[in-house]
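Enquirer: Enclosed is the structure file run20.cif (mmCIF, C-alpha atoms (C1' of nucleotides)).
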data_final
loop_
_atom_site.label_atom_id
_atom_site.label_comp_id
_atom_site.auth_asym_id
_atom_site.auth_seq_id
_atom_site.Cartn_x
_atom_site.Cartn_y
_atom_site.Cartn_z
CA MET A 919 110.05 104.52 105.37
CA ASP A 920 113.21 102.62 106.14
CA GLU A 921 116.53 102.50 104.36
CA LEU A 922 115.15 100.20 101.69
CA ASP A 923 112.26 102.48 100.83
CA SER A 924 114.66 105.36 100.49
CA ALA A 925 116.79 103.42 98.06
CA LEU A 926 113.75 102.44 96.03
CA VAL A 927 112.54 106.03 95.87
CA THR A 928 115.92 107.17 94.66
CA LEU A 929 116.24 104.48 92.02
CA LEU A 930 112.73 105.01 90.71
CA GLN A 931 113.24 108.74 90.43
CA ARG A 932 116.37 108.15 88.44
CA ASP A 933 114.72 105.69 86.07
CA ALA A 934 111.07 104.80 86.37
CA ARG A 935 111.23 102.12 83.72
CA GLN A 936 113.52 99.68 85.40
CA THR A 937 111.92 96.29 85.65
CA ASN A 938 111.01 94.96 89.03
CA ARG A 939 113.73 92.34 88.66
CA GLU A 940 116.41 94.94 88.05
CA LEU A 941 115.29 96.86 91.09
CA ALA A 942 115.30 93.75 93.22
CA ARG A 943 118.74 92.74 92.05
CA ALA A 944 120.14 96.22 92.65
CA LEU A 945 118.96 96.04 96.26
CA GLY A 946 119.70 92.39 96.86
CA ILE A 947 116.15 91.33 97.66
CA ALA A 948 113.63 89.00 96.06
CA PRO A 949 111.51 90.38 93.20
CA SER A 950 108.30 89.60 95.03
CA THR A 951 109.47 91.52 98.07
CA CYS A 952 110.53 94.42 95.92
CA LEU A 953 107.18 94.50 94.17
CA GLU A 954 105.32 94.71 97.46
CA ARG A 955 107.53 97.55 98.71
CA VAL A 956 107.02 99.55 95.55
CA ARG A 957 103.27 99.05 95.77
CA ALA A 958 103.29 100.21 99.35
CA LEU A 959 105.09 103.38 98.27
CA HIS A 960 102.29 104.04 95.82
CA ARG A 961 99.58 103.25 98.38
CA ARG A 962 101.11 105.59 100.91
CA GLY A 963 101.32 108.39 98.37
CA VAL A 964 105.10 108.61 98.44
CA ILE A 965 105.26 107.96 94.71
CA VAL A 966 102.54 109.92 92.97
CA GLY A 967 103.19 109.26 89.30
CA HIS A 968 105.50 108.32 86.49
CA HIS A 969 106.16 110.86 83.80
CA ALA A 970 108.25 110.87 80.66
CA LYS A 971 110.56 113.86 80.48
CA VAL A 972 110.81 115.64 77.14
CA ASP A 973 113.39 118.01 75.74
CA LEU A 974 111.46 121.25 75.40
CA SER A 975 113.68 122.54 72.64
CA ARG A 976 112.75 119.51 70.60
CA ILE A 977 109.03 120.09 70.78
CA GLY A 978 109.25 123.63 69.51
CA ARG A 979 109.57 125.44 72.83
CA PRO A 980 113.26 126.33 73.21
CA VAL A 981 112.85 129.62 75.07
CA GLN A 982 112.10 129.61 78.79
CA ALA A 983 111.32 132.45 81.12
CA LEU A 984 110.28 133.19 84.68
CA VAL A 985 107.55 135.77 85.01
CA ALA A 986 107.11 137.36 88.43
CA VAL A 987 103.68 138.84 89.03
CA ARG A 988 102.28 141.03 91.78
CA LEU A 989 98.53 141.14 92.20
CA ARG A 990 96.22 143.76 93.59
CA PRO A 991 94.60 143.19 95.92
CA PRO A 992 96.46 140.06 97.01
CA ASN A 993 93.54 138.39 98.73
CA ARG A 994 92.37 134.82 98.43
CA PRO A 995 89.79 135.13 95.66
CA VAL A 996 92.15 137.11 93.47
CA ILE A 997 95.08 134.78 94.09
CA GLU A 998 93.10 131.62 93.50
CA SER A 999 91.36 132.79 90.39
CA PHE A 1000 94.58 134.04 88.89
CA GLN A 1001 96.32 130.80 89.73
CA GLN A 1002 93.67 128.79 87.98
CA PHE A 1003 93.83 131.08 84.98
CA VAL A 1004 97.57 130.98 84.56
CA THR A 1005 97.84 127.24 85.16
CA GLN A 1006 95.64 126.50 82.21
CA LEU A 1007 97.62 128.58 79.72
CA PRO A 1008 99.50 126.31 77.29
CA GLU A 1009 102.76 128.24 77.70
CA THR A 1010 102.86 127.59 81.44
CA LEU A 1011 105.09 124.86 82.81
CA SER A 1012 104.68 125.47 86.52
CA VAL A 1013 103.36 128.08 88.90
CA PHE A 1014 104.85 129.10 92.23
CA VAL A 1015 102.78 130.99 94.78
CA VAL A 1016 105.36 132.72 96.89
CA SER A 1017 105.96 135.10 99.73
CA GLY A 1018 107.95 138.27 99.22
CA ALA A 1019 107.78 141.19 96.87
CA GLU A 1020 105.82 139.24 94.26
CA ASP A 1021 102.90 136.87 94.59
CA PHE A 1022 103.45 134.54 91.65
CA LEU A 1023 106.31 133.14 89.72
CA ILE A 1024 105.35 131.57 86.43
CA HIS A 1025 107.71 129.28 84.60
CA VAL A 1026 106.93 129.28 80.89
CA ALA A 1027 108.37 127.68 77.77
CA VAL A 1028 107.66 129.32 74.43
CA ARG A 1029 108.64 129.19 70.78
CA ASP A 1030 110.78 132.33 70.71
CA THR A 1031 111.16 135.72 72.34
CA GLU A 1032 108.41 137.17 70.21
CA HIS A 1033 106.08 134.53 71.52
CA LEU A 1034 107.20 135.37 75.04
CA HIS A 1035 106.40 138.99 74.50
CA ALA A 1036 102.98 138.12 73.15
CA PHE A 1037 102.35 135.87 76.13
CA VAL A 1038 103.01 138.68 78.57
CA LEU A 1039 101.14 141.34 76.64
CA ASP A 1040 98.16 139.37 75.39
CA HIS A 1041 97.58 136.94 78.23
CA LEU A 1042 98.96 138.37 81.43
CA THR A 1043 98.78 142.13 81.38
CA GLN A 1044 95.28 141.88 80.03
CA ARG A 1045 94.13 140.77 83.45
CA ARG A 1046 93.11 143.75 85.52
CA GLU A 1047 94.26 142.36 88.87
CA ILE A 1048 97.90 142.50 87.79
CA ALA A 1049 99.78 145.29 89.47
CA ASP A 1050 103.26 144.45 88.25
CA VAL A 1051 105.09 142.05 85.94
CA ARG A 1052 108.79 141.27 85.81
CA THR A 1053 110.04 138.88 83.15
CA SER A 1054 113.39 137.08 83.35
CA VAL A 1055 114.73 134.97 80.53
CA VAL A 1056 116.07 131.58 81.63
CA PHE A 1057 119.55 130.99 80.23
CA GLN A 1058 119.87 127.55 81.76
CA HIS A 1059 117.65 125.29 83.78
CA MET A 1060 119.31 122.45 85.63
CA HIS A 1061 116.71 120.14 87.07
CA LYS A 1062 117.76 117.44 89.51
CA PRO A 1063 115.79 114.33 88.65
CA VAL A 1064 116.25 112.81 92.09
CA ALA A 1065 115.10 114.32 95.38
CA GLU A 1066 116.60 112.21 98.09
CA PRO A 1067 115.41 111.98 101.62
CA LEU A 1068 117.65 114.54 103.31
CA PRO A 1069 120.69 113.50 105.30
CA GLY A 1070 121.15 114.53 108.89
CA ARG A 1071 117.72 113.32 109.87
CA SER A 1072 115.65 110.61 108.28
CA ALA A 1073 112.03 111.02 107.39
CA PRO A 1074 109.79 109.99 110.26
CA SER A 1075 109.97 106.23 110.12
CA ASP A 1076 107.08 104.94 112.18
CA ARG A 1077 106.75 107.10 115.24
CA ARG A 1078 103.20 106.42 116.19
CA GLY A 1079 100.95 108.76 118.08
CA ARG A 1080 102.80 111.64 116.55
CA GLY A 1081 100.66 114.10 114.70
CA GLY A 1082 102.90 114.19 111.67
CA TYR A 1083 101.08 113.73 108.44
CA GLY A 1084 98.19 111.39 108.70
CA GLY A 1085 100.12 108.28 109.73
CA PRO A 1086 100.67 106.69 106.33
CA ASP A 1087 101.18 103.11 107.43
CA GLY A 1088 97.61 102.62 108.44
CA ASP A 1089 96.40 99.44 106.85
CA GLY A 1090 97.61 96.27 108.47
CA ARG A 1091 97.10 93.96 105.53
CA MET B 524 107.31 115.00 64.57
CA ASP B 525 103.83 114.58 63.15
CA GLU B 526 100.47 114.53 64.84
CA LEU B 527 101.01 111.00 66.08
CA ASP B 528 104.31 111.79 67.74
CA SER B 529 102.70 114.72 69.49
CA ALA B 530 99.98 112.50 70.85
CA LEU B 531 102.52 109.96 72.06
CA VAL B 532 104.60 112.62 73.77
CA THR B 533 101.54 113.92 75.54
CA LEU B 534 100.35 110.51 76.66
CA LEU B 535 103.77 109.44 77.88
CA GLN B 536 104.23 112.62 79.86
CA ARG B 537 100.92 112.01 81.54
CA ASP B 538 101.71 108.41 82.42
CA ALA B 539 105.02 106.85 81.53
CA ARG B 540 103.98 103.39 82.67
CA GLN B 541 101.26 102.70 80.20
CA THR B 542 101.91 99.51 78.34
CA ASN B 543 102.70 99.67 74.69
CA ARG B 544 99.39 97.96 73.98
CA GLU B 545 97.43 100.61 75.82
CA LEU B 546 99.24 103.34 73.93
CA ALA B 547 98.60 101.66 70.61
CA ARG B 548 94.94 101.16 71.37
CA ALA B 549 94.52 104.77 72.48
CA LEU B 550 95.90 105.94 69.15
CA GLY B 551 94.30 103.30 66.99
CA ILE B 552 97.53 101.83 65.63
CA ALA B 553 99.25 98.45 65.88
CA PRO B 554 101.41 97.78 68.97
CA SER B 555 104.51 97.15 66.90
CA THR B 556 104.05 100.42 65.06
CA CYS B 557 103.59 102.21 68.31
CA LEU B 558 106.73 100.64 69.73
CA GLU B 559 108.80 101.84 66.81
CA ARG B 560 107.46 105.38 67.10
CA VAL B 561 108.25 105.53 70.79
CA ARG B 562 111.75 104.24 70.17
CA ALA B 563 112.27 106.87 67.52
CA LEU B 564 111.25 109.54 70.03
CA HIS B 565 113.98 108.28 72.34
CA ARG B 566 116.55 108.08 69.58
CA ARG B 567 115.86 111.63 68.46
CA GLY B 568 116.17 112.91 72.00
CA VAL B 569 112.60 114.10 72.27
CA ILE B 570 112.01 111.87 75.28
CA VAL B 571 115.02 112.04 77.55
CA GLY B 572 113.98 109.93 80.51
CA HIS B 573 111.30 108.44 82.69
CA HIS B 574 111.14 109.55 86.29
CA ALA B 575 108.95 108.65 89.20
CA LYS B 576 107.48 111.69 90.90
CA VAL B 577 107.52 111.72 94.68
CA ASP B 578 105.57 113.74 97.20
CA LEU B 579 108.25 115.86 98.85
CA SER B 580 106.30 116.25 102.06
CA ARG B 581 106.27 112.48 102.41
CA ILE B 582 110.04 112.11 102.25
CA GLY B 583 110.66 114.59 105.01
CA ARG B 584 110.99 117.75 102.91
CA PRO B 585 107.69 119.60 103.24
CA VAL B 586 109.04 123.17 103.04
CA GLN B 587 109.98 124.69 99.69
CA ALA B 588 111.60 127.99 98.87
CA LEU B 589 113.02 129.99 96.00
CA VAL B 590 116.34 131.64 96.70
CA ALA B 591 117.38 134.44 94.38
CA VAL B 592 121.12 135.09 94.30
CA ARG B 593 123.19 137.86 92.79
CA LEU B 594 126.87 137.19 92.22
CA ARG B 595 129.86 139.47 92.03
CA PRO B 596 131.41 139.64 89.57
CA PRO B 597 128.90 137.94 87.31
CA ASN B 598 131.38 136.57 84.83
CA ARG B 599 131.56 133.10 83.40
CA PRO B 600 133.96 131.41 85.81
CA VAL B 601 132.05 132.70 88.82
CA ILE B 602 128.66 131.77 87.39
CA GLU B 603 129.71 128.30 86.33
CA SER B 604 131.51 127.41 89.50
CA PHE B 605 128.62 128.61 91.63
CA GLN B 606 126.16 126.69 89.51
CA GLN B 607 128.09 123.51 89.95
CA PHE B 608 128.35 124.10 93.66
CA VAL B 609 124.68 124.77 94.24
CA THR B 610 123.49 121.96 92.00
CA GLN B 611 125.24 119.41 94.09
CA LEU B 612 123.73 120.52 97.40
CA PRO B 613 121.19 117.96 98.65
CA GLU B 614 118.57 120.62 99.40
CA THR B 615 118.52 121.82 95.80
CA LEU B 616 115.74 120.70 93.48
CA SER B 617 116.54 122.83 90.46
CA VAL B 618 118.63 125.81 89.45
CA PHE B 619 117.67 128.60 87.07
CA VAL B 620 120.33 130.84 85.56
CA VAL B 621 118.41 133.95 84.65
CA SER B 622 118.63 137.42 83.26
CA GLY B 623 117.50 140.40 85.29
CA ALA B 624 118.27 141.76 88.70
CA GLU B 625 119.48 138.40 89.99
CA ASP B 626 121.71 135.78 88.42
CA PHE B 627 120.39 132.59 90.00
CA LEU B 628 117.13 131.25 91.24
CA ILE B 629 117.45 128.15 93.37
CA HIS B 630 114.46 125.96 94.10
CA VAL B 631 115.00 124.06 97.33
CA ALA B 632 113.02 121.62 99.47
CA VAL B 633 113.92 121.30 103.12
CA ARG B 634 112.74 119.75 106.36
CA ASP B 635 111.48 122.94 108.00
CA THR B 636 112.08 126.66 108.16
CA GLU B 637 114.98 126.21 110.52
CA HIS B 638 116.61 123.98 107.98
CA LEU B 639 115.96 126.60 105.33
CA HIS B 640 117.65 129.23 107.41
CA ALA B 641 120.62 126.99 107.97
CA PHE B 642 120.83 126.28 104.26
CA VAL B 643 121.06 129.95 103.43
CA LEU B 644 123.45 130.85 106.23
CA ASP B 645 125.74 127.83 106.24
CA HIS B 646 125.84 126.93 102.56
CA LEU B 647 125.08 129.98 100.48
CA THR B 648 126.21 133.11 102.24
CA GLN B 649 129.43 131.38 103.09
CA ARG B 650 130.48 131.70 99.48
CA ARG B 651 132.37 134.92 98.95
CA GLU B 652 131.08 135.58 95.42
CA ILE B 653 127.55 136.13 96.69
CA ALA B 654 126.55 139.78 96.61
CA ASP B 655 122.92 139.40 97.54
CA VAL B 656 120.38 136.76 98.60
CA ARG B 657 116.63 137.00 98.60
CA THR B 658 114.61 134.07 99.94
CA SER B 659 110.93 133.49 99.16
CA VAL B 660 108.92 130.74 100.78
CA VAL B 661 106.82 128.71 98.33
CA PHE B 662 103.23 128.45 99.50
CA GLN B 663 102.13 126.34 96.58
CA HIS B 664 103.82 124.78 93.62
CA MET B 665 101.62 123.71 90.76
CA HIS B 666 103.59 121.68 88.28
CA LYS B 667 102.05 120.77 84.95
CA PRO B 668 103.08 117.23 84.14
CA VAL B 669 102.48 117.63 80.43
CA ALA B 670 104.22 120.12 78.15
CA GLU B 671 102.43 119.97 74.87
CA PRO B 672 103.83 121.06 71.56
CA LEU B 673 102.52 124.58 71.26
CA PRO B 674 99.61 125.37 68.99
CA GLY B 675 99.99 127.80 66.13
CA ARG B 676 103.19 126.38 64.73
CA SER B 677 104.62 122.87 64.57
CA ALA B 678 107.94 121.85 66.06
CA PRO B 679 111.07 121.60 63.93
CA SER B 680 111.21 118.11 62.53
CA ASP B 681 114.60 116.82 63.65
CA ARG B 682 117.22 119.51 64.02
CA ARG B 683 120.18 117.74 65.49
CA GLY B 684 123.30 119.05 67.10
CA ARG B 685 121.62 121.51 69.38
CA GLY B 686 122.79 121.07 72.93
CA GLY B 687 119.70 121.99 74.89
CA TYR B 688 121.01 122.87 78.29
CA GLY B 689 124.23 121.13 79.07
CA GLY B 690 122.61 119.28 81.88
CA PRO B 691 122.36 115.63 82.71
CA ASP B 692 122.50 113.61 79.57
CA GLY B 693 119.56 111.41 78.83
CA ASP B 694 119.96 107.81 79.78
CA GLY B 695 119.41 106.05 76.55
CA ARG B 696 117.01 103.19 76.92
"C1'" DG C 1307 106.50 102.45 57.22
"C1'" DA C 1308 102.67 99.39 59.07
"C1'" DT C 1309 100.89 94.83 60.25
"C1'" DG C 1310 100.15 90.08 62.51
"C1'" DA C 1311 102.00 85.77 64.82
"C1'" DA C 1312 105.44 83.30 67.54
"C1'" DA C 1313 109.54 83.20 71.01
"C1'" DC C 1314 110.86 85.31 74.91
"C1'" DA C 1315 110.80 87.66 79.29
"C1'" DA C 1316 108.51 90.03 82.83
"C1'" DC C 1317 104.77 90.61 86.05
"C1'" DC C 1318 101.76 89.07 89.77
"C1'" DA C 1319 98.99 86.12 92.98
"C1'" DC C 1320 99.66 82.38 95.96
"C1'" DG C 1321 101.39 79.24 99.57
"C1'" DG C 1322 105.31 78.28 102.61
"C1'" DC C 1323 108.98 79.92 105.59
"C1'" DG D 280 107.54 90.49 106.46
"C1'" DC D 281 110.39 87.93 103.03
"C1'" DC D 282 110.97 84.41 99.59
"C1'" DG D 283 110.26 80.88 95.50
"C1'" DT D 284 107.08 79.01 91.92
"C1'" DG D 285 103.24 78.68 88.16
"C1'" DG D 286 99.95 80.87 85.37
"C1'" DT D 287 99.20 85.02 82.81
"C1'" DT D 288 100.31 89.05 80.28
"C1'" DG D 289 103.19 92.14 77.68
"C1'" DT D 290 107.20 92.86 74.96
"C1'" DT D 291 110.07 91.98 70.97
"C1'" DT D 292 111.48 90.03 66.79
"C1'" DC D 293 110.63 88.55 62.19
"C1'" DA D 294 108.40 87.68 57.82
"C1'" DT D 295 105.05 89.91 54.93
"C1'" DC D 296 102.56 93.41 52.55
#
Could you show the structure in this file as structure tokens?
Expert:
Amino acid sequence: MDELDSALVTLLQRDARQTNRELARALGIAPSTCLERVRALHRRGVIVGHHAKVDLSRIGRPVQALVAVRLRPPNRPVIESFQQFVTQLPETLSVFVVSGAEDFLIHVAVRDTEHLHAFVLDHLTQRREIADVRTSVVFQHMHKPVAEPLPGRSAPSDRRGRGGYGGPDGDGR
Amino acid sequence: MDELDSALVTLLQRDARQTNRELARALGIAPSTCLERVRALHRRGVIVGHHAKVDLSRIGRPVQALVAVRLRPPNRPVIESFQQFVTQLPETLSVFVVSGAEDFLIHVAVRDTEHLHAFVLDHLTQRREIADVRTSVVFQHMHKPVAEPLPGRSAPSDRRGRGGYGGPDGDGR
DNA sequence: GATGAAACAACCACGGC
DNA sequence: GCCGTGGTTGTTTCATC
């Protein structure tokens, strides 16, 4: 995970459909080299997928909300079963399991406020393990497409013997 | 936005790097037809970009948190200036402007809990407009890669002029 | 709009440095 | 580990229905 990998990760997050040639030219390296680096990033699990991003308001889901949920009792079986349940609902975009006053935060996108209300009443509060629900409408959602390796300290490059995360650079091919 | 467009949107969200041939074959249409449909989705702003997804823990940012912030006074200049400020911080992944007890919800990914603490103390609470901060550690974050057009009612065909959220404009491609 | 064929460009494995 | 080249594949355009 050197400087070059970081640059590749940033560029591919910004636009996953650049051709390998464009990438190589942007970094000043040969296309074949670039290709191998990108493949290594996939092999090591740094890049986990490529997804098209859609405008939710243009697929009939212009209203977003965050629904905070507290469960009772908040033990593992209850948490895990609820998580699985809520993940599979079509309105759900993403699910946070969090510490603090609430246990879950559910990010949903729906057709309109009526639909939102129905979601909470007909899907959520029907579950008996729910102790509390707090719904916040999302006025704006700014999502940064690029998550850069943080400044001030680089990601562990190749410190061997360290118990970090599974020593990605294992295969010596 | 017919049944075919919906299928394309779903498939491209799942994997943006499928070749046009694969897409066409999956839908049972000719590659050239498929290409034109996909282009139309871009033109109409349904698909706004293609982004590689990275494993945050593998780029040195394994700890995530949600930081709820209440501002004072919560008027437009204060909200907008704070939003711009917090969006540009490197720790920030996404920013929700919400209704309810708090005004902002900031999703951050950091190196460790010490870094999280420093983020809150050195970046956020330094701003004078902040009335309250509540930090929740994220134990799990399940993100659904695919947002399907919701069942029960089809999406508006092509209503133009709506500004979505004034965020980063799609890179036309 | 959808289709098929031909020009064009990109990808990818290989051998050499 | 990085680079250039040749065979292969996919994309893109155009004429046609």
Enquirer: Work out how far apart atom CA of Arg935 of chain A and atom CA of Ala1065 of chain A are and give it in Å to one decimal.
Expert: 17.3 Å
Enquirer: Using all atoms listed in the file, which residues of chain B come within 12 Å of chain D, and what is the closest atom pair for each, with the distance in Å to one decimal? Give it as CSV, sorted by chain and residue number.
Expert:
residue,atom,partner,partner_atom,distance
B:Gln541,CA,D:DG289,C1',11.0
B:Thr542,CA,D:DG289,C1',7.5
B:Asn543,CA,D:DG289,C1',8.1
B:Arg544,CA,D:DG289,C1',7.9
B:Glu545,CA,D:DG289,C1',10.4
B:Pro554,CA,D:DT290,C1',9.7
B:Ser555,CA,D:DT291,C1',8.6
B:Thr556,CA,D:DT291,C1',11.9
B:Leu558,CA,D:DT291,C1',9.4
B:Glu559,CA,D:DT291,C1',10.8
Enquirer: Matching each Cα of chain A to its counterpart in chain B by order, what RMSD results from the least-squares fit?
Expert: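 The optimal C-alpha superposition leaves an RMSD of 4.5 Å.
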Enquirer: If you take all atoms listed in the file and a cut-off of 12 Å, which residues of chain C touch chain A, and what are their nearest atom pairs and distances in Å to one decimal, in chain and number order, as JSON lines?
Expert:
{"residue": "C:DA1315", "atom": "C1'", "partner": "A:Thr937", "partner_atom": "CA", "distance": 10.8}
{"residue": "C:DA1316", "atom": "C1'", "partner": "A:Thr937", "partner_atom": "CA", "distance": 7.7}
{"residue": "C:DC1317", "atom": "C1'", "partner": "A:Asn938", "partner_atom": "CA", "distance": 8.2}
{"residue": "C:DC1318", "atom": "C1'", "partner": "A:Ser950", "partner_atom": "CA", "distance": 8.4}
{"residue": "C:DA1319", "atom": "C1'", "partner": "A:Ser950", "partner_atom": "CA", "distance": 10.1}
{"residue": "C:DC1320", "atom": "C1'", "partner": "A:Ser950", "partner_atom": "CA", "distance": 11.3}
Enquirer: Apply the PyMOL selection byres ((chain B) within 6 of (chain A)) to the structure shown and report the selected residues as a PyMOL selection string.
Expert: chain B and resi 535-539+569-578+581-583+616-623+659-667+672+678+688+690
Enquirer: May I ask for the distance between atom CA of Leu612 of chain B and atom CA of His646 of chain B, given in Å to one decimal place?
Expert: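 Taking atom CA of Leu612 of chain B as the start and atom CA of His646 of chain B as the end point, the length is 8.5 Å.
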Enquirer: One decimal, Å: what's the distance from atom CA of Leu647 of chain B over to atom CA of Pro597 of chain B, could you say?
Expert: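 One can read the atom CA of Leu647 of chain B to atom CA of Pro597 of chain B distance as 15.9 Å.
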Enquirer: With the file shown as input, list the residues that the PyMOL selection byres ((chain C and resi 1309) around 7) selects, as JSON, numbers by chain.
Expert: {"B": [553], "C": [1308, 1310]}
